[in-house]
Amino acid sequence: TIEHLYLVCEARDKPEIVRKLIHAMAPDRAMIFVHKSRSAEMVAEKLEHHHLRVADLHGALNREDRKRAMNDIRSGKVDI
């Protein structure tokens, strides 16, 4: 079962809102889409700081890092 959610918030609040949502919903896996590569990096860093298993995947990464992130997602090494 896949559930889609769309939230609008201030950019500065995004990592904290996403973290609270993940803890409240407790999904087996989740994908978070953000507008810019730097935003993706920031959200991933903040979630990792809170001990969540996260893969950062965006177009500014080199090919090897994108491939590693996809493999981590597919293998279940990361949840988000």
# chains A, B, ... in the order shown; residues from 1 in each chain; ligands from 1
>>> select_by_dssp(residues="chain A", states="alpha helix (DSSP H)", output="VMD selection string")
chain A and resid 14 to 25 37 to 49 63 to 75
>>> residues_around(residues="segment 39-50 of chain A", least_positions_apart="6", cutoff="10 Å", atoms="only C-alpha atoms", output="ChimeraX atom specification")
/A:11-12,14-16,18-19,22,32-33,56-58,80
>>> closest_residue(among="A:Leu7, A:Leu52, A:Ala30, A:Ala60", to="Ile73 of chain A", atoms="only C-alpha atoms")
A:Ala30
>>> atom_distance(atom1="atom CA of Tyr6 of chain A", atom2="atom CA of Gly59 of chain A")
21.5 Å
>>> atom_distance(atom1="atom CA of Ala69 of chain A", atom2="atom CA of Ala55 of chain A")
5.4 Å
>>> atom_distance(atom1="atom CA of Met25 of chain A", atom2="atom CA of Leu5 of chain A")
11.4 Å
